[in-house]
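As provided, target_19.tsv (TSV, C-alpha atoms and all ligand atoms) reads as follows.
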chain	number	residue	atom	x	y	z
N	1	ALA	CA	86.84	11.71	122.93
N	2	GLN	CA	85.54	14.99	121.63
N	3	SER	CA	87.96	17.82	121.34
N	4	ILE	CA	86.16	21.08	121.66
N	5	PRO	CA	87.81	24.32	122.73
N	6	SER	CA	87.56	25.26	126.39
N	7	LEU	CA	85.95	28.52	127.47
N	8	LYS	CA	88.04	28.79	130.63
N	9	ASP	CA	91.27	28.26	128.69
N	10	THR	CA	90.21	30.60	125.90
N	11	PHE	CA	89.60	33.46	128.33
N	12	LYS	CA	92.19	32.56	130.96
N	13	ASN	CA	93.99	35.88	130.66
N	14	ASP	CA	90.76	37.86	130.56
N	15	PHE	CA	88.13	36.81	133.11
N	16	GLY	CA	86.78	33.80	134.96
N	17	ILE	CA	84.16	31.64	133.29
N	18	GLY	CA	81.42	30.33	135.54
N	19	THR	CA	78.31	28.22	135.49
N	20	ALA	CA	75.35	27.57	137.78
N	21	LEU	CA	75.28	24.14	139.40
N	22	ASN	CA	72.51	21.97	140.84
N	23	ASN	CA	72.43	18.80	142.95
N	24	GLY	CA	72.92	16.27	140.13
N	25	GLN	CA	75.96	18.11	138.81
N	26	ILE	CA	77.43	18.67	142.28
N	27	GLU	CA	77.02	14.97	143.04
N	28	GLU	CA	78.59	14.04	139.68
N	29	ARG	CA	75.71	11.78	138.71
N	30	ASP	CA	76.45	12.07	134.98
N	31	PRO	CA	80.11	11.62	133.93
N	32	ALA	CA	79.63	13.43	130.60
N	33	MET	CA	78.20	16.41	132.44
N	34	THR	CA	81.05	16.41	134.95
N	35	GLN	CA	83.55	16.24	132.11
N	36	LEU	CA	81.93	19.21	130.39
N	37	ILE	CA	81.85	21.27	133.58
N	38	VAL	CA	85.44	20.67	134.58
N	39	SER	CA	86.80	21.25	131.08
N	40	GLN	CA	84.85	24.46	130.45
N	41	PHE	CA	84.46	26.35	133.74
N	42	ASN	CA	86.72	27.63	136.50
N	43	MET	CA	84.02	29.27	138.61
N	44	ALA	CA	80.57	28.16	139.77
N	45	THR	CA	77.53	29.52	141.57
N	46	PRO	CA	74.98	27.23	143.24
N	47	GLU	CA	71.73	27.75	141.33
N	48	ASN	CA	69.64	27.00	144.43
N	49	VAL	CA	71.34	24.98	147.17
N	50	MET	CA	72.72	27.90	149.19
N	51	LYS	CA	69.50	29.93	149.12
N	52	SER	CA	68.04	30.43	152.58
N	53	ALA	CA	64.97	28.23	152.02
N	54	LEU	CA	67.26	25.28	151.33
N	55	ILE	CA	70.24	25.92	153.57
N	56	HIS	CA	68.20	27.18	156.54
N	57	PRO	CA	64.90	25.27	156.43
N	58	LYS	CA	63.91	25.70	160.08
N	59	TRP	CA	64.53	28.42	162.64
N	60	ASP	CA	67.26	26.40	164.33
N	61	THR	CA	68.16	24.00	161.55
N	62	TYR	CA	70.64	24.37	158.74
N	63	ASP	CA	71.17	21.83	155.97
N	64	PHE	CA	74.73	21.89	154.77
N	65	VAL	CA	74.82	18.49	153.07
N	66	VAL	CA	74.73	19.59	149.42
N	67	PRO	CA	76.47	22.94	149.96
N	68	ASP	CA	79.37	21.06	151.57
N	69	LYS	CA	79.50	18.77	148.54
N	70	LEU	CA	79.57	21.82	146.29
N	71	VAL	CA	82.55	23.20	148.15
N	72	ALA	CA	84.31	19.81	147.89
N	73	PHE	CA	83.49	19.66	144.16
N	74	GLY	CA	85.06	23.08	143.69
N	75	LYS	CA	88.19	22.11	145.56
N	76	LYS	CA	88.57	18.83	143.68
N	77	HIS	CA	88.16	20.41	140.24
N	78	ASN	CA	89.80	23.78	140.79
N	79	ILE	CA	86.54	25.68	140.45
N	80	LYS	CA	86.06	28.80	142.57
N	81	ILE	CA	82.69	28.96	144.29
N	82	ASN	CA	80.58	32.11	144.45
N	83	GLY	CA	78.06	31.75	147.29
N	84	HIS	CA	74.52	32.70	146.30
N	85	THR	CA	72.95	34.30	148.25
N	86	LEU	CA	72.78	35.51	151.86
N	87	VAL	CA	70.08	38.19	151.79
N	88	TRP	CA	67.26	37.92	149.25
N	89	HIS	CA	63.50	38.41	149.46
N	90	SER	CA	62.82	35.27	147.42
N	91	GLN	CA	63.26	31.57	148.23
N	92	LEU	CA	63.15	32.45	151.93
N	93	PRO	CA	62.43	29.71	154.47
N	94	SER	CA	58.69	29.25	154.92
N	95	PHE	CA	58.95	29.90	158.68
N	96	ILE	CA	59.72	33.55	157.94
N	97	ARG	CA	56.06	34.08	157.08
N	98	GLY	CA	55.23	33.53	160.75
N	99	VAL	CA	57.84	35.98	162.03
N	100	HIS	CA	56.43	39.42	162.75
N	101	SER	CA	58.74	41.32	165.02
N	102	LYS	CA	61.77	43.43	164.38
N	103	ASP	CA	63.76	41.55	167.00
N	104	SER	CA	63.04	38.16	165.47
N	105	ILE	CA	63.83	39.28	161.93
N	106	GLN	CA	67.06	40.83	163.20
N	107	THR	CA	67.94	37.58	164.97
N	108	PHE	CA	67.25	35.55	161.82
N	109	PHE	CA	69.29	37.96	159.72
N	110	ASN	CA	72.28	37.98	162.07
N	111	ASP	CA	72.29	34.24	162.74
N	112	HIS	CA	71.83	33.34	159.09
N	113	ILE	CA	74.73	35.44	157.86
N	114	LYS	CA	77.02	34.50	160.72
N	115	THR	CA	76.32	30.78	160.42
N	116	VAL	CA	76.34	30.39	156.64
N	117	ALA	CA	79.13	32.84	155.79
N	118	GLY	CA	81.11	31.58	158.78
N	119	ARG	CA	80.90	27.94	157.72
N	120	TYR	CA	82.41	28.62	154.32
N	121	LYS	CA	84.81	31.37	155.30
N	122	ASP	CA	87.88	29.42	154.19
N	123	ASN	CA	86.57	27.59	151.17
N	124	ILE	CA	84.48	29.82	149.01
N	125	PHE	CA	85.79	32.68	146.93
N	126	SER	CA	82.95	35.18	147.12
N	127	TRP	CA	79.38	35.87	148.22
N	128	ASP	CA	76.44	37.53	146.58
N	129	VAL	CA	75.76	39.16	149.95
N	130	VAL	CA	72.59	40.95	148.90
N	131	ASN	CA	70.52	39.99	145.87
N	132	GLU	CA	67.82	42.00	144.06
N	133	ALA	CA	67.21	44.72	146.65
N	134	LEU	CA	66.10	47.27	144.04
N	135	ASN	CA	62.94	48.13	142.14
N	136	GLU	CA	63.09	48.98	138.45
N	137	ASP	CA	62.94	52.72	139.25
N	138	GLY	CA	65.99	52.44	141.49
N	139	THR	CA	64.15	52.69	144.81
N	140	LEU	CA	64.57	49.98	147.43
N	141	ARG	CA	62.36	46.96	147.00
N	142	LYS	CA	59.84	46.37	149.76
N	143	THR	CA	61.01	43.19	151.48
N	144	VAL	CA	60.74	41.71	154.93
N	145	PHE	CA	64.24	43.09	155.59
N	146	LEU	CA	63.43	46.64	154.51
N	147	ASP	CA	60.14	46.52	156.42
N	148	TYR	CA	61.59	45.45	159.74
N	149	LEU	CA	65.23	46.58	159.63
N	150	GLY	CA	65.11	49.71	157.51
N	151	GLU	CA	67.43	50.57	154.64
N	152	GLY	CA	70.53	50.10	156.78
N	153	TYR	CA	70.06	46.34	156.41
N	154	ILE	CA	72.10	46.38	153.22
N	155	ALA	CA	75.28	47.87	154.66
N	156	GLU	CA	74.72	45.75	157.77
N	157	ALA	CA	74.64	42.59	155.65
N	158	PHE	CA	78.03	43.50	154.18
N	159	ARG	CA	79.46	44.32	157.61
N	160	LEU	CA	78.26	41.02	159.11
N	161	THR	CA	79.50	38.95	156.17
N	162	GLN	CA	82.88	40.63	156.30
N	163	GLN	CA	83.06	39.90	160.01
N	164	ALA	CA	82.15	36.23	159.52
N	165	ALA	CA	84.29	35.69	156.41
N	166	PRO	CA	87.05	38.31	156.26
N	167	ASN	CA	88.85	36.79	153.27
N	168	VAL	CA	85.87	36.33	151.00
N	169	GLU	CA	84.94	38.82	148.27
N	170	LEU	CA	81.58	40.55	148.80
N	171	TYR	CA	79.18	41.48	146.03
N	172	TYR	CA	75.85	43.15	145.37
N	173	ASN	CA	73.90	41.31	142.64
N	174	ASP	CA	70.79	42.28	140.66
N	175	TYR	CA	69.02	42.04	137.29
N	176	ASN	CA	68.33	44.98	134.97
N	177	ASN	CA	70.87	47.01	136.94
N	178	GLU	CA	72.39	47.96	133.60
N	179	GLN	CA	69.20	49.95	132.91
N	180	PRO	CA	69.73	53.67	133.67
N	181	ALA	CA	67.15	54.20	136.46
N	182	LYS	CA	67.92	50.97	138.28
N	183	ARG	CA	71.64	51.53	137.74
N	184	ALA	CA	71.39	54.94	139.41
N	185	GLY	CA	69.72	53.28	142.41
N	186	CYS	CA	72.38	50.60	142.41
N	187	ILE	CA	75.16	53.17	142.43
N	188	GLU	CA	73.52	54.97	145.33
N	189	LEU	CA	73.18	51.67	147.20
N	190	ILE	CA	76.86	50.86	146.64
N	191	LYS	CA	77.95	54.34	147.77
N	192	LYS	CA	75.97	53.95	150.98
N	193	VAL	CA	77.63	50.63	151.73
N	194	GLN	CA	81.02	52.22	151.07
N	195	ALA	CA	80.17	55.27	153.21
N	196	SER	CA	79.17	52.98	156.08
N	197	GLY	CA	82.73	51.67	156.20
N	198	ALA	CA	81.74	48.15	155.16
N	199	ARG	CA	83.63	46.52	152.33
N	200	ILE	CA	82.03	45.79	148.95
N	201	ASP	CA	84.25	44.29	146.26
N	202	GLY	CA	82.04	43.91	143.27
N	203	VAL	CA	78.72	44.25	141.55
N	204	GLY	CA	76.96	41.52	139.64
N	205	ILE	CA	74.82	42.24	136.61
N	206	GLN	CA	72.75	39.08	136.24
N	207	GLY	CA	72.33	39.36	132.46
N	208	HIS	CA	69.03	37.61	131.78
N	209	TRP	CA	68.55	39.07	128.32
N	210	HIS	CA	66.47	38.44	125.20
N	211	VAL	CA	67.70	37.54	121.74
N	212	GLY	CA	67.89	40.56	119.44
N	213	LYS	CA	67.33	42.91	122.36
N	214	VAL	CA	70.54	42.82	124.36
N	215	PRO	CA	71.09	46.38	125.70
N	216	PHE	CA	74.75	46.73	124.66
N	217	LYS	CA	75.01	50.50	125.21
N	218	ASP	CA	73.59	50.32	128.72
N	219	ILE	CA	75.84	47.38	129.50
N	220	GLU	CA	78.96	49.22	128.44
N	221	GLU	CA	77.96	52.36	130.30
N	222	SER	CA	77.32	50.24	133.40
N	223	ILE	CA	80.71	48.56	133.25
N	224	LEU	CA	82.34	52.00	133.21
N	225	GLN	CA	80.18	53.53	135.94
N	226	TYR	CA	80.44	50.60	138.35
N	227	ALA	CA	84.17	50.26	137.79
N	228	ALA	CA	84.54	53.97	138.56
N	229	LEU	CA	83.31	53.18	142.08
N	230	GLY	CA	86.32	50.91	142.49
N	231	LEU	CA	84.33	47.70	142.05
N	232	LYS	CA	84.87	44.56	140.04
N	233	VAL	CA	82.12	44.04	137.50
N	234	MET	CA	80.70	40.60	136.89
N	235	PHE	CA	78.07	39.10	134.63
N	236	THR	CA	76.66	36.58	137.02
N	237	GLU	CA	73.66	34.75	135.54
N	238	LEU	CA	74.05	35.16	131.81
N	239	ASP	CA	71.48	33.62	129.49
N	240	ILE	CA	69.86	34.97	126.35
N	241	GLU	CA	66.37	33.68	126.02
N	242	VAL	CA	64.92	33.00	122.60
N	243	LEU	CA	61.27	33.02	123.66
N	244	PRO	CA	59.75	36.41	124.13
N	245	ARG	CA	57.97	36.45	127.50
N	246	ASN	CA	54.87	37.65	125.74
N	247	PHE	CA	55.07	35.54	122.62
N	248	GLN	CA	51.85	36.32	120.76
N	249	GLY	CA	50.70	37.97	123.97
N	250	ALA	CA	51.21	36.94	127.55
N	251	ASP	CA	48.11	34.85	127.27
N	252	VAL	CA	49.73	32.41	124.86
N	253	ASN	CA	52.81	32.23	127.07
N	254	GLN	CA	50.59	31.15	129.94
N	255	ARG	CA	48.69	28.61	127.85
N	256	MET	CA	51.95	27.07	126.61
N	257	ALA	CA	52.09	25.23	129.90
N	258	SER	CA	49.13	23.05	129.08
N	259	ASN	CA	49.48	23.18	125.32
N	260	PRO	CA	53.12	22.78	124.26
N	261	SER	CA	52.19	23.08	120.58
N	262	LEU	CA	51.87	26.81	121.22
N	263	ASN	CA	55.58	26.82	121.97
N	264	PRO	CA	57.19	28.02	118.74
N	265	TYR	CA	60.46	26.13	119.12
N	266	THR	CA	59.67	22.68	120.48
N	267	ALA	CA	61.28	21.04	117.46
N	268	GLY	CA	64.47	23.10	117.62
N	269	LEU	CA	65.75	26.57	116.96
N	270	PRO	CA	65.24	27.98	113.44
N	271	ASP	CA	68.46	28.98	111.67
N	272	ASP	CA	67.81	32.71	111.79
N	273	VAL	CA	67.27	32.68	115.56
N	274	GLN	CA	70.33	30.47	116.06
N	275	LYS	CA	72.36	33.02	114.08
N	276	GLN	CA	70.98	35.96	116.01
N	277	LEU	CA	71.79	34.21	119.29
N	278	ALA	CA	75.37	33.63	118.12
N	279	ALA	CA	75.67	37.27	117.05
N	280	ASP	CA	74.38	38.49	120.42
N	281	TYR	CA	76.79	36.30	122.40
N	282	GLU	CA	79.64	37.34	120.14
N	283	ALA	CA	78.93	41.05	120.59
N	284	LEU	CA	78.60	40.59	124.35
N	285	PHE	CA	81.90	38.78	124.77
N	286	LYS	CA	83.54	41.34	122.50
N	287	LEU	CA	82.37	44.00	124.92
N	288	PHE	CA	83.58	42.00	127.92
N	289	LEU	CA	86.99	41.62	126.28
N	290	LYS	CA	87.16	45.32	125.51
N	291	HIS	CA	86.74	45.93	129.25
N	292	LYS	CA	88.61	42.92	130.56
N	293	ASP	CA	90.48	45.15	133.00
N	294	LYS	CA	87.11	45.76	134.69
N	295	VAL	CA	85.12	42.59	134.03
N	296	THR	CA	86.39	39.80	136.28
N	297	ARG	CA	83.89	36.99	135.70
N	298	VAL	CA	81.24	35.85	133.25
N	299	THR	CA	78.90	33.16	134.59
N	300	LEU	CA	76.38	31.33	132.42
N	301	TRP	CA	73.16	30.46	134.28
N	302	GLY	CA	73.37	26.73	133.59
N	303	VAL	CA	75.61	24.37	131.65
N	304	ASN	CA	73.40	23.31	128.76
N	305	ASP	CA	69.99	24.28	127.37
N	306	ALA	CA	68.31	21.33	129.07
N	307	ASN	CA	69.14	22.56	132.56
N	308	SER	CA	68.24	26.21	132.03
N	309	TRP	CA	65.58	27.56	134.41
N	310	LEU	CA	64.05	29.36	131.39
N	311	ASN	CA	62.47	26.13	130.19
N	312	GLY	CA	60.17	26.35	133.15
N	313	TRP	CA	59.88	30.04	133.99
N	314	PRO	CA	57.63	32.02	134.13
N	315	VAL	CA	55.49	29.05	133.10
N	316	ARG	CA	56.22	25.38	132.68
N	317	GLY	CA	56.38	23.78	129.29
N	318	ARG	CA	58.55	26.27	127.45
N	319	THR	CA	61.43	24.88	125.43
N	320	ASN	CA	64.24	27.39	125.57
N	321	TYR	CA	67.74	27.63	124.11
N	322	PRO	CA	69.54	30.37	126.05
N	323	LEU	CA	73.01	28.89	126.70
N	324	LEU	CA	76.18	27.92	124.82
N	325	PHE	CA	75.75	24.11	124.90
N	326	ASP	CA	72.80	22.19	123.51
N	327	ARG	CA	70.82	19.39	125.11
N	328	ASN	CA	73.45	16.85	124.03
N	329	ASN	CA	76.28	18.88	125.57
N	330	GLN	CA	77.41	19.94	122.11
N	331	PRO	CA	78.68	23.49	121.51
N	332	LYS	CA	76.20	25.68	119.65
N	333	PRO	CA	77.08	28.26	116.99
N	334	ALA	CA	77.04	30.85	119.81
N	335	PHE	CA	79.85	28.93	121.55
N	336	TYR	CA	82.03	29.00	118.44
N	337	SER	CA	81.34	32.68	117.77
N	338	VAL	CA	82.52	33.49	121.31
N	339	VAL	CA	85.64	31.31	121.17
N	340	ALA	CA	86.56	32.71	117.75
N	341	LEU	CA	87.03	36.16	119.30
N	342	LYS	CA	90.44	35.08	120.63
F	401	LIG	C1	66.39	30.82	139.81
F	401	LIG	C2	66.81	29.39	139.55
F	401	LIG	O1	67.48	29.34	138.32
F	401	LIG	C3	65.60	28.49	139.54
F	401	LIG	O2	65.99	27.13	139.48
F	401	LIG	C4	64.75	28.73	140.78
F	401	LIG	O3	63.56	27.97	140.67
F	401	LIG	C5	64.41	30.18	140.94
F	401	LIG	O4	65.61	30.93	140.97
F	401	LIG	N1	67.83	35.70	139.86
F	401	LIG	C6	68.61	35.03	140.76
F	401	LIG	C7	68.63	33.55	140.74
F	401	LIG	O5	69.37	35.66	141.52
F	401	LIG	O6	68.82	33.00	142.03
F	401	LIG	C8	67.40	32.98	140.12
F	401	LIG	O7	67.57	31.57	140.00
F	401	LIG	C9	67.13	33.62	138.77
F	401	LIG	C10	66.92	35.10	138.92
Structure re-expressed in structure tokens:
Amino acid sequence: AQSIPSLKDTFKNDFGIGTALNNGQIEERDPAMTQLIVSQFNMATPENVMKSALIHPKWDTYDFVVPDKLVAFGKKHNIKINGHTLVWHSQLPSFIRGVHSKDSIQTFFNDHIKTVAGRYKDNIFSWDVVNEALNEDGTLRKTVFLDYLGEGYIAEAFRLTQQAAPNVELYYNDYNNEQPAKRAGCIELIKKVQASGARIDGVGIQGHWHVGKVPFKDIEESILQYAALGLKVMFTELDIEVLPRNFQGADVNQRMASNPSLNPYTAGLPDDVQKQLAADYEALFKLFLKHKDKVTRVTLWGVNDANSWLNGWPVRGRTNYPLLFDRNNQPKPAFYSVVALK
């Protein structure tokens, strides 16, 4: 048996440590993976299975099979579940494309929140109620919800979730909302929810960053500004990608899909990049610890490098190394640099 330190134990007096989970992990198909999850993490977010396309595939049909298993997994292993996500413009059910009236969108919106949040009201810890509602300049993203329901849909989503699941924590979640313009929009959004009388408990900063370019100053400023609104601050989908999106130009990134030899790191991560990754993770966790009275959870977007979405996004065929465990479930230098902070 391997004896590696545990992230959740290391930071037990500081903040929760989460991971994203998919079907195979929820169904415990691989004992080594299960062992790693339960020893390292005390919180989890479903990477896909609670998104509306999957949990609400037809107008009148919900599919709770895997989400129910997730909830049971959490209960069995003492892992708190963060529901992800009730209102998002992406991974919507395909039937939404055929819905073109305000009344029908409103009905979908109300039924979806009531049914999904209601089902898990006693056995999940929190919801990402609204996900990615903002543009980079801080204005509201044009979505089917904004189009048909107007900007009040955001506060309404919080009100409806609170009604359906009064004891569950409610969050707004987004990426790049540590960047000043988007952060300003995010603060405005939060203030409007608060002014409406609906409850909002926290804000999630996804944290999909790039090695050597983690925006530490903006992150720290964001922790302070969001906490000043009375909210918990969470890092909800942390990964630090080693491949620049535009490696040798976007063109090459696209062509990587059909020609993996264009991928610079198929054979492994060079030492200097591995070191930089460890330094970035170390500096990030140092910052989280400095503000542990404000930061309540840090969730990695996947358990090991093999199951990271960044291997396949924005194009297939990339080999990426953004997490703390390698493809053999072994801790990487970044893991040890983080654990050594305590
Ligand atoms: C991603 C998943 O990781 C992928 O498996 C899926 O194909 C697309 O969605 N922001 C979010 C997450 O809020 O839900 C996204 O997850 C990543 C970006």
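Closest approach to ligand LIG 401 (chain F) among N:Leu160, N:Val339, N:Ile4, N:Val315 is made by N:Val315 (distances from all atoms listed in the file).
As for atom CA of N:Gln162 and atom CA of N:Leu238, they are spaced 26.6 Å apart.
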Residues within 9 Å of ligand LIG 401 (chain F) (all atoms listed in the file), as a count of residues only?
-> 29
For stretch 224-226 of chain N: contacts at 9 Å, all atoms listed in the file, fewer than 3 positions along chain excluded, given as a ChimeraX atom specification | /N:183,187,202-203,219-221,229-233,291,294
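With all atoms listed in the file as the basis for measurement, N:Ala334 is the residue among N:Ala334, N:Val49, N:Leu149, N:Leu92 that approaches N:Asp271 most closely.
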Since fewer atoms than expected are present, regenerate N, CA and C atoms for stretch 88-104 of chain N and write them as a PDB file, in the frame of the given file.
ATOM      1  N   TRP N  88      68.113  37.825 150.441  1.00  0.00           N
ATOM      2  CA  TRP N  88      67.260  37.920 149.250  1.00  0.00           C
ATOM      3  C   TRP N  88      65.807  37.754 149.700  1.00  0.00           C
ATOM      4  N   HIS N  89      64.915  38.467 149.050  1.00  0.00           N
ATOM      5  CA  HIS N  89      63.500  38.410 149.460  1.00  0.00           C
ATOM      6  C   HIS N  89      62.818  37.123 148.975  1.00  0.00           C
ATOM      7  N   SER N  90      63.451  36.429 148.029  1.00  0.00           N
ATOM      8  CA  SER N  90      62.820  35.270 147.420  1.00  0.00           C
ATOM      9  C   SER N  90      63.461  33.979 147.918  1.00  0.00           C
ATOM     10  N   GLN N  91      62.765  32.863 147.734  1.00  0.00           N
ATOM     11  CA  GLN N  91      63.260  31.570 148.230  1.00  0.00           C
ATOM     12  C   GLN N  91      63.740  31.666 149.683  1.00  0.00           C
ATOM     13  N   LEU N  92      62.923  32.369 150.487  1.00  0.00           N
ATOM     14  CA  LEU N  92      63.150  32.450 151.930  1.00  0.00           C
ATOM     15  C   LEU N  92      62.557  31.211 152.586  1.00  0.00           C
ATOM     16  N   PRO N  93      63.051  30.826 153.762  1.00  0.00           N
ATOM     17  CA  PRO N  93      62.430  29.710 154.470  1.00  0.00           C
ATOM     18  C   PRO N  93      60.961  30.010 154.765  1.00  0.00           C
ATOM     19  N   SER N  94      60.127  28.982 154.728  1.00  0.00           N
ATOM     20  CA  SER N  94      58.690  29.250 154.920  1.00  0.00           C
ATOM     21  C   SER N  94      58.403  29.763 156.330  1.00  0.00           C
ATOM     22  N   PHE N  95      59.241  29.436 157.311  1.00  0.00           N
ATOM     23  CA  PHE N  95      58.950  29.900 158.680  1.00  0.00           C
ATOM     24  C   PHE N  95      58.974  31.424 158.805  1.00  0.00           C
ATOM     25  N   ILE N  96      59.636  32.087 157.878  1.00  0.00           N
ATOM     26  CA  ILE N  96      59.720  33.550 157.940  1.00  0.00           C
ATOM     27  C   ILE N  96      58.334  34.196 157.876  1.00  0.00           C
ATOM     28  N   ARG N  97      57.420  33.520 157.176  1.00  0.00           N
ATOM     29  CA  ARG N  97      56.060  34.080 157.080  1.00  0.00           C
ATOM     30  C   ARG N  97      55.387  34.243 158.444  1.00  0.00           C
ATOM     31  N   GLY N  98      55.830  33.435 159.424  1.00  0.00           N
ATOM     32  CA  GLY N  98      55.230  33.530 160.750  1.00  0.00           C
ATOM     33  C   GLY N  98      56.010  34.446 161.698  1.00  0.00           C
ATOM     34  N   VAL N  99      57.014  35.123 161.172  1.00  0.00           N
ATOM     35  CA  VAL N  99      57.840  35.980 162.030  1.00  0.00           C
ATOM     36  C   VAL N  99      57.441  37.433 161.837  1.00  0.00           C
ATOM     37  N   HIS N 100      57.004  38.081 162.912  1.00  0.00           N
ATOM     38  CA  HIS N 100      56.430  39.420 162.750  1.00  0.00           C
ATOM     39  C   HIS N 100      57.000  40.470 163.687  1.00  0.00           C
ATOM     40  N   SER N 101      58.208  40.237 164.191  1.00  0.00           N
ATOM     41  CA  SER N 101      58.740  41.320 165.020  1.00  0.00           C
ATOM     42  C   SER N 101      60.138  41.690 164.538  1.00  0.00           C
ATOM     43  N   LYS N 102      60.460  42.936 164.784  1.00  0.00           N
ATOM     44  CA  LYS N 102      61.770  43.430 164.380  1.00  0.00           C
ATOM     45  C   LYS N 102      62.880  42.598 165.012  1.00  0.00           C
ATOM     46  N   ASP N 103      62.721  42.314 166.289  1.00  0.00           N
ATOM     47  CA  ASP N 103      63.760  41.550 167.000  1.00  0.00           C
ATOM     48  C   ASP N 103      63.994  40.182 166.368  1.00  0.00           C
ATOM     49  N   SER N 104      62.891  39.516 166.026  1.00  0.00           N
ATOM     50  CA  SER N 104      63.040  38.160 165.470  1.00  0.00           C
ATOM     51  C   SER N 104      63.648  38.201 164.071  1.00  0.00           C
TER      52      SER N 104
END
